[in-house]
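File shown: final37.txt (compact mmCIF, C-alpha atoms).
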```txt
# COMPACT_ATOMS: atom_id res chain seq x y z
CA MET A 390 367.67 131.07 190.70
CA LEU A 391 365.94 127.85 189.70
CA VAL A 392 367.89 124.60 189.56
CA HIS A 393 366.00 122.20 187.29
CA GLY A 394 366.51 118.76 188.83
CA SER A 395 368.87 117.89 191.65
CA ALA A 396 371.83 119.82 193.04
CA GLY A 397 375.28 118.66 194.14
CA VAL A 398 377.25 119.17 197.33
CA GLY A 399 376.95 122.59 198.96
CA VAL A 400 374.15 124.17 196.92
CA ALA A 401 373.61 127.74 198.18
CA GLU A 402 376.68 127.46 200.42
CA ASN A 403 377.44 130.77 202.12
CA MET A 404 374.35 132.33 200.51
CA MET A 405 373.96 135.98 201.50
CA SER A 406 370.57 136.92 200.03
CA GLY A 407 368.13 136.02 197.30
CA PHE A 408 366.22 132.86 196.49
CA VAL A 409 367.51 129.48 195.28
CA HIS A 410 364.92 126.88 194.29
CA VAL A 411 366.03 123.29 193.69
CA SER A 412 363.25 121.36 191.95
CA GLY A 413 364.78 117.98 192.88
CA ASN A 414 366.97 116.63 195.67
CA ALA A 415 370.04 118.26 197.20
CA SER A 416 373.27 116.53 198.15
CA GLN A 417 375.26 117.10 201.35
CA SER A 418 375.65 120.46 203.07
CA ALA A 419 372.82 122.32 201.33
CA GLY A 420 372.72 125.90 202.57
CA ALA A 421 375.91 125.48 204.61
CA THR A 422 377.01 128.67 206.42
CA GLY A 423 374.23 130.64 204.70
CA ARG A 424 373.87 134.15 206.08
CA GLY A 425 370.62 135.20 204.41
CA GLY A 426 368.11 134.52 201.69
CA LEU A 427 365.95 131.47 201.16
CA LEU A 428 366.79 127.99 199.88
CA ARG A 429 363.83 125.85 198.78
CA ILE A 430 364.38 122.16 198.05
CA ASP A 431 361.41 120.31 196.57
CA GLY A 432 362.87 116.84 197.24
CA ASN A 433 365.12 115.48 199.99
CA ALA A 434 368.32 117.00 201.33
CA SER A 435 371.20 114.72 202.29
CA SER A 436 373.33 114.94 205.46
CA ARG A 437 374.38 118.20 207.08
CA CYS A 438 371.66 120.33 205.51
CA GLY A 439 371.95 123.79 207.07
CA ILE A 440 375.26 123.11 208.79
CA SER A 441 376.43 126.28 210.57
CA MET A 442 373.41 128.30 209.42
CA LYS A 443 373.96 131.99 210.09
CA GLY A 444 370.63 133.52 209.07
CA ILE A 445 369.47 131.59 206.00
CA ASP A 446 365.97 130.14 205.79
CA ILE A 447 365.79 126.62 204.33
CA VAL A 448 362.57 124.83 203.33
CA VAL A 449 362.80 121.13 202.45
CA GLN A 450 359.66 119.44 201.11
CA GLY A 451 361.14 116.00 201.68
CA SER A 452 363.39 114.76 204.46
CA VAL A 453 366.87 115.75 205.68
CA GLY A 454 369.78 113.48 206.53
CA HIS A 455 371.90 113.07 209.63
CA MET A 456 373.63 116.00 211.33
CA SER A 457 371.34 118.58 209.74
CA ALA A 458 371.56 122.02 211.37
CA PHE A 459 374.84 121.04 213.08
CA MET A 460 376.12 124.15 214.92
CA ALA A 461 373.29 126.21 213.41
CA GLN A 462 373.49 129.73 214.78
CA THR A 463 370.41 131.52 213.44
CA GLY A 464 367.78 131.16 210.75
CA ASN A 465 364.98 128.69 210.11
CA LEU A 466 365.05 125.11 208.84
CA VAL A 467 361.56 123.90 207.89
CA VAL A 468 361.30 120.21 206.98
CA PHE A 469 358.06 118.72 205.66
CA GLY A 470 359.32 115.12 206.00
CA ASP A 471 361.60 113.40 208.50
CA ALA A 472 365.01 114.22 210.00
CA GLY A 473 367.90 111.79 210.45
CA ASP A 474 370.24 111.26 213.40
CA ALA A 475 371.65 114.09 215.51
CA LEU A 476 369.36 116.89 214.31
CA GLY A 477 370.58 120.24 215.62
CA ASP A 478 373.76 118.90 217.24
CA SER A 479 375.50 121.72 219.15
CA ILE A 480 372.84 124.20 218.00
CA TYR A 481 372.87 127.85 219.02
CA GLU A 482 369.75 129.94 218.33
CA ALA A 483 368.50 128.60 214.98
CA ARG A 484 364.90 127.46 214.82
CA LEU A 485 364.12 123.99 213.49
CA PHE A 486 360.64 122.87 212.46
CA VAL A 487 359.95 119.27 211.41
CA ARG A 488 356.56 117.89 210.37
CA GLY A 489 357.63 114.24 210.29
CA THR A 490 359.65 112.18 212.73
CA VAL A 491 363.12 112.91 214.07
CA LYS A 492 365.39 109.88 214.37
CA SER A 493 367.44 111.50 217.15
CA LEU A 494 368.43 114.91 218.46
CA GLY A 495 372.03 116.04 218.74
CA ALA A 496 373.81 117.43 221.79
CA ASP A 497 371.91 120.33 223.38
CA CYS A 498 368.96 120.15 220.95
CA ILE A 499 365.53 119.66 222.49
CA GLU A 500 361.91 119.72 221.40
CA LYS A 501 360.27 123.00 222.38
CA GLU A 502 356.72 124.23 222.67
CA MET A 503 355.17 125.36 219.37
CA ARG A 504 353.48 128.63 220.32
CA ASP A 505 351.47 130.99 218.11
CA GLU A 506 354.48 133.21 217.38
CA HIS A 507 356.38 130.17 216.08
CA LYS A 508 353.45 129.16 213.88
CA ALA A 509 353.44 132.72 212.50
CA SER A 510 357.19 132.47 211.83
CA VAL A 511 356.77 129.18 209.95
CA HIS A 512 353.89 130.70 207.98
CA GLU A 513 356.08 133.64 206.91
CA VAL A 514 358.95 131.39 205.80
CA LEU A 515 356.56 129.13 203.89
CA LYS A 516 354.92 132.16 202.28
CA LYS A 517 358.32 133.41 201.07
CA ALA A 518 359.00 129.92 199.70
CA GLY A 519 355.74 129.94 197.71
CA PHE A 520 353.51 127.87 200.03
CA ASP A 521 351.08 130.60 201.05
CA GLY A 522 348.26 128.89 202.94
CA GLU A 523 348.97 125.43 201.50
CA VAL A 524 350.52 123.99 204.67
CA ASP A 525 349.31 124.26 208.25
CA PRO A 526 352.20 125.50 210.45
CA GLY A 527 350.55 123.74 213.41
CA GLU A 528 351.56 120.38 211.91
CA PHE A 529 355.24 121.05 212.68
CA LYS A 530 357.17 120.44 215.87
CA ARG A 531 359.77 122.97 217.02
CA TYR A 532 363.34 122.15 218.06
CA GLY A 533 366.09 124.38 219.40
CA SER A 534 368.88 124.87 221.88
CA ALA A 535 368.60 123.83 225.51
CA ARG A 536 371.44 126.35 226.08
CA THR A 537 373.46 123.95 228.23
CA LEU A 538 376.60 124.02 226.08
CA TYR A 539 377.09 127.79 226.12
CA ASN A 540 379.48 127.67 229.06
CA PHE A 541 381.85 124.91 230.11
CA ASN A 542 380.74 123.03 233.21
CA VAL A 543 383.00 120.24 234.45
CA ASP A 544 379.93 118.34 235.72
CA HIS A 545 378.82 118.01 232.07
CA ALA A 546 382.24 117.26 230.54
CA GLY A 547 380.94 114.03 229.01
CA GLU A 548 378.40 115.99 226.94
CA TYR A 549 380.98 118.14 225.13
```

Entire entry expressed as structure tokens:
Amino acid sequence: MLVHGSAGVGVAENMMSGFVHVSGNASQSAGATGRGGLLRIDGNASSRCGISMKGIDIVVQGSVGHMSAFMAQTGNLVVFGDAGDALGDSIYEARLFVRGTVKSLGADCIEKEMRDEHKASVHEVLKKAGFDGEVDPGEFKRYGSARTLYNFNVDHAGEY
């Protein structure tokens, strides 16, 4: 599906499969709770892009707003531009890749090493999105869960 121009709140929300291509910007909660398929946004995505991702792949050519990938469980979020505050807050096992700067990371989200297998993963997602060989996966930084919020620990009560 091709959306000519920009898309409103919740584009591709709860997407199960297929391909949605937004040729402009996307409002809040793009790809929210998506379980599969691929969402490509040629512009920017507002706040909470990829909130509660459950297997969707999202490629944003611009930047994403605050609280993107909040409680993201699985899937890939690939951002060519920058990310706002609290990226990946309370993240589970989703994989986040940002080429630009990240204003701040959310609870339990950390920068991780970008190994060859992660570069290959980014390449595959970009290839599916139509960027075969146009972008170097090595230009991205990887973010994911530190896995400290999985179990309650009274010593870390202030972090919950």

### Query
In terms of the shortest atom-to-atom distance over all atoms listed in the file, which of A:Gly420, A:Lys501, A:Asp431, A:Met442 is closest to A:Val468?
A:Asp431

### Query
Hey, what's within 10 Å of A:Arg504 if we count all atoms listed in the file and toss same-chain stuff fewer than 4 positions away? As a list in words, please?
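That gives Lys508, Ala509, Gly527 and Arg531 of chain A.
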
For the residues in that selection, give me C-alpha atoms as a PDB file, keeping the file's coordinate frame.
```pdb
ATOM      1  CA  LYS A 508     353.450 129.160 213.880  1.00  0.00           C
ATOM      2  CA  ALA A 509     353.440 132.720 212.500  1.00  0.00           C
ATOM      3  CA  GLY A 527     350.550 123.740 213.410  1.00  0.00           C
ATOM      4  CA  ARG A 531     359.770 122.970 217.020  1.00  0.00           C
TER       5      ARG A 531
END
```

#### Entry: Nearest to A:Gly425, chosen from A:Val453, A:Thr463, A:Asp544, A:Arg437, with only C-alpha atoms counted in the distances
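Among the listed residues, the smallest separation from A:Gly425 belongs to A:Thr463.
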
### Task
Quick one: pull the distance between atom CA of A:Arg424 and atom CA of A:Ala518, Å, one decimal.
16.7 Å

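For the pair atom CA of A:Gly397 and atom CA of A:Ala434, the separation is 10.1 Å.
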
### Task
Excluding stretch 454-458 of chain A and residues on its chain fewer than 5 positions from it, collect all residues at most 7 Å away from it, counting all atoms listed in the file, and give them as JSON, numbers by chain.
{"A": [434, 435, 436, 437, 438, 439, 440, 441, 442, 472, 473, 474, 475, 476, 477, 478]}

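Picture a line from atom CA of A:Cys498 to atom CA of A:Thr422; it runs 18.7 Å.
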
### Task
Considering all atoms listed in the file, return as a list in words whatever protein or nucleic-acid residues lie within 10 Å of A:Glu513, sequence-local ones (same chain, fewer than 6 positions apart) excluded.
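Contacts, in chain order: His507, Gly519, Phe520, Asp521, Gly522 and Pro526 of chain A.
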
Please fill the gaps in stretch 406-424 of chain A so it has N, CA and C atoms, and write that as a PDB file, in the frame of the given file.
```pdb
ATOM      1  N   SER A 406     371.915 136.382 200.243  1.00  0.00           N
ATOM      2  CA  SER A 406     370.570 136.920 200.030  1.00  0.00           C
ATOM      3  C   SER A 406     369.991 136.243 198.790  1.00  0.00           C
ATOM      4  N   GLY A 407     368.752 136.559 198.494  1.00  0.00           N
ATOM      5  CA  GLY A 407     368.130 136.020 197.300  1.00  0.00           C
ATOM      6  C   GLY A 407     367.350 134.747 197.547  1.00  0.00           C
ATOM      7  N   PHE A 408     367.070 134.049 196.444  1.00  0.00           N
ATOM      8  CA  PHE A 408     366.220 132.860 196.490  1.00  0.00           C
ATOM      9  C   PHE A 408     366.805 131.808 195.549  1.00  0.00           C
ATOM     10  N   VAL A 409     367.069 130.617 196.086  1.00  0.00           N
ATOM     11  CA  VAL A 409     367.510 129.480 195.280  1.00  0.00           C
ATOM     12  C   VAL A 409     366.454 128.398 195.438  1.00  0.00           C
ATOM     13  N   HIS A 410     365.956 127.908 194.295  1.00  0.00           N
ATOM     14  CA  HIS A 410     364.920 126.880 194.290  1.00  0.00           C
ATOM     15  C   HIS A 410     365.459 125.664 193.555  1.00  0.00           C
ATOM     16  N   VAL A 411     365.587 124.558 194.275  1.00  0.00           N
ATOM     17  CA  VAL A 411     366.030 123.290 193.690  1.00  0.00           C
ATOM     18  C   VAL A 411     364.784 122.441 193.475  1.00  0.00           C
ATOM     19  N   SER A 412     364.490 122.100 192.218  1.00  0.00           N
ATOM     20  CA  SER A 412     363.250 121.360 191.950  1.00  0.00           C
ATOM     21  C   SER A 412     363.372 119.865 192.224  1.00  0.00           C
ATOM     22  N   GLY A 413     364.564 119.389 192.560  1.00  0.00           N
ATOM     23  CA  GLY A 413     364.780 117.980 192.880  1.00  0.00           C
ATOM     24  C   GLY A 413     365.356 117.822 194.267  1.00  0.00           C
ATOM     25  N   ASN A 414     366.297 116.891 194.396  1.00  0.00           N
ATOM     26  CA  ASN A 414     366.970 116.630 195.670  1.00  0.00           C
ATOM     27  C   ASN A 414     368.245 117.462 195.770  1.00  0.00           C
ATOM     28  N   ALA A 415     368.774 117.564 196.976  1.00  0.00           N
ATOM     29  CA  ALA A 415     370.040 118.260 197.200  1.00  0.00           C
ATOM     30  C   ALA A 415     370.992 117.323 197.919  1.00  0.00           C
ATOM     31  N   SER A 416     372.250 117.356 197.519  1.00  0.00           N
ATOM     32  CA  SER A 416     373.270 116.530 198.150  1.00  0.00           C
ATOM     33  C   SER A 416     373.666 117.121 199.502  1.00  0.00           C
ATOM     34  N   GLN A 417     374.798 116.695 200.018  1.00  0.00           N
ATOM     35  CA  GLN A 417     375.260 117.100 201.350  1.00  0.00           C
ATOM     36  C   GLN A 417     375.483 118.602 201.466  1.00  0.00           C
ATOM     37  N   SER A 418     375.308 119.090 202.670  1.00  0.00           N
ATOM     38  CA  SER A 418     375.650 120.460 203.070  1.00  0.00           C
ATOM     39  C   SER A 418     374.881 121.547 202.319  1.00  0.00           C
ATOM     40  N   ALA A 419     373.642 121.293 201.979  1.00  0.00           N
ATOM     41  CA  ALA A 419     372.820 122.320 201.330  1.00  0.00           C
ATOM     42  C   ALA A 419     372.644 123.501 202.279  1.00  0.00           C
ATOM     43  N   GLY A 420     372.891 124.697 201.767  1.00  0.00           N
ATOM     44  CA  GLY A 420     372.720 125.900 202.570  1.00  0.00           C
ATOM     45  C   GLY A 420     373.756 126.097 203.655  1.00  0.00           C
ATOM     46  N   ALA A 421     374.869 125.395 203.584  1.00  0.00           N
ATOM     47  CA  ALA A 421     375.910 125.480 204.610  1.00  0.00           C
ATOM     48  C   ALA A 421     376.390 126.919 204.785  1.00  0.00           C
ATOM     49  N   THR A 422     376.517 127.346 206.009  1.00  0.00           N
ATOM     50  CA  THR A 422     377.010 128.670 206.420  1.00  0.00           C
ATOM     51  C   THR A 422     376.237 129.824 205.805  1.00  0.00           C
ATOM     52  N   GLY A 423     375.028 129.574 205.306  1.00  0.00           N
ATOM     53  CA  GLY A 423     374.230 130.640 204.700  1.00  0.00           C
ATOM     54  C   GLY A 423     373.908 131.744 205.683  1.00  0.00           C
ATOM     55  N   ARG A 424     374.079 132.975 205.234  1.00  0.00           N
ATOM     56  CA  ARG A 424     373.870 134.150 206.080  1.00  0.00           C
ATOM     57  C   ARG A 424     372.555 134.862 205.818  1.00  0.00           C
TER      58      ARG A 424
END
```
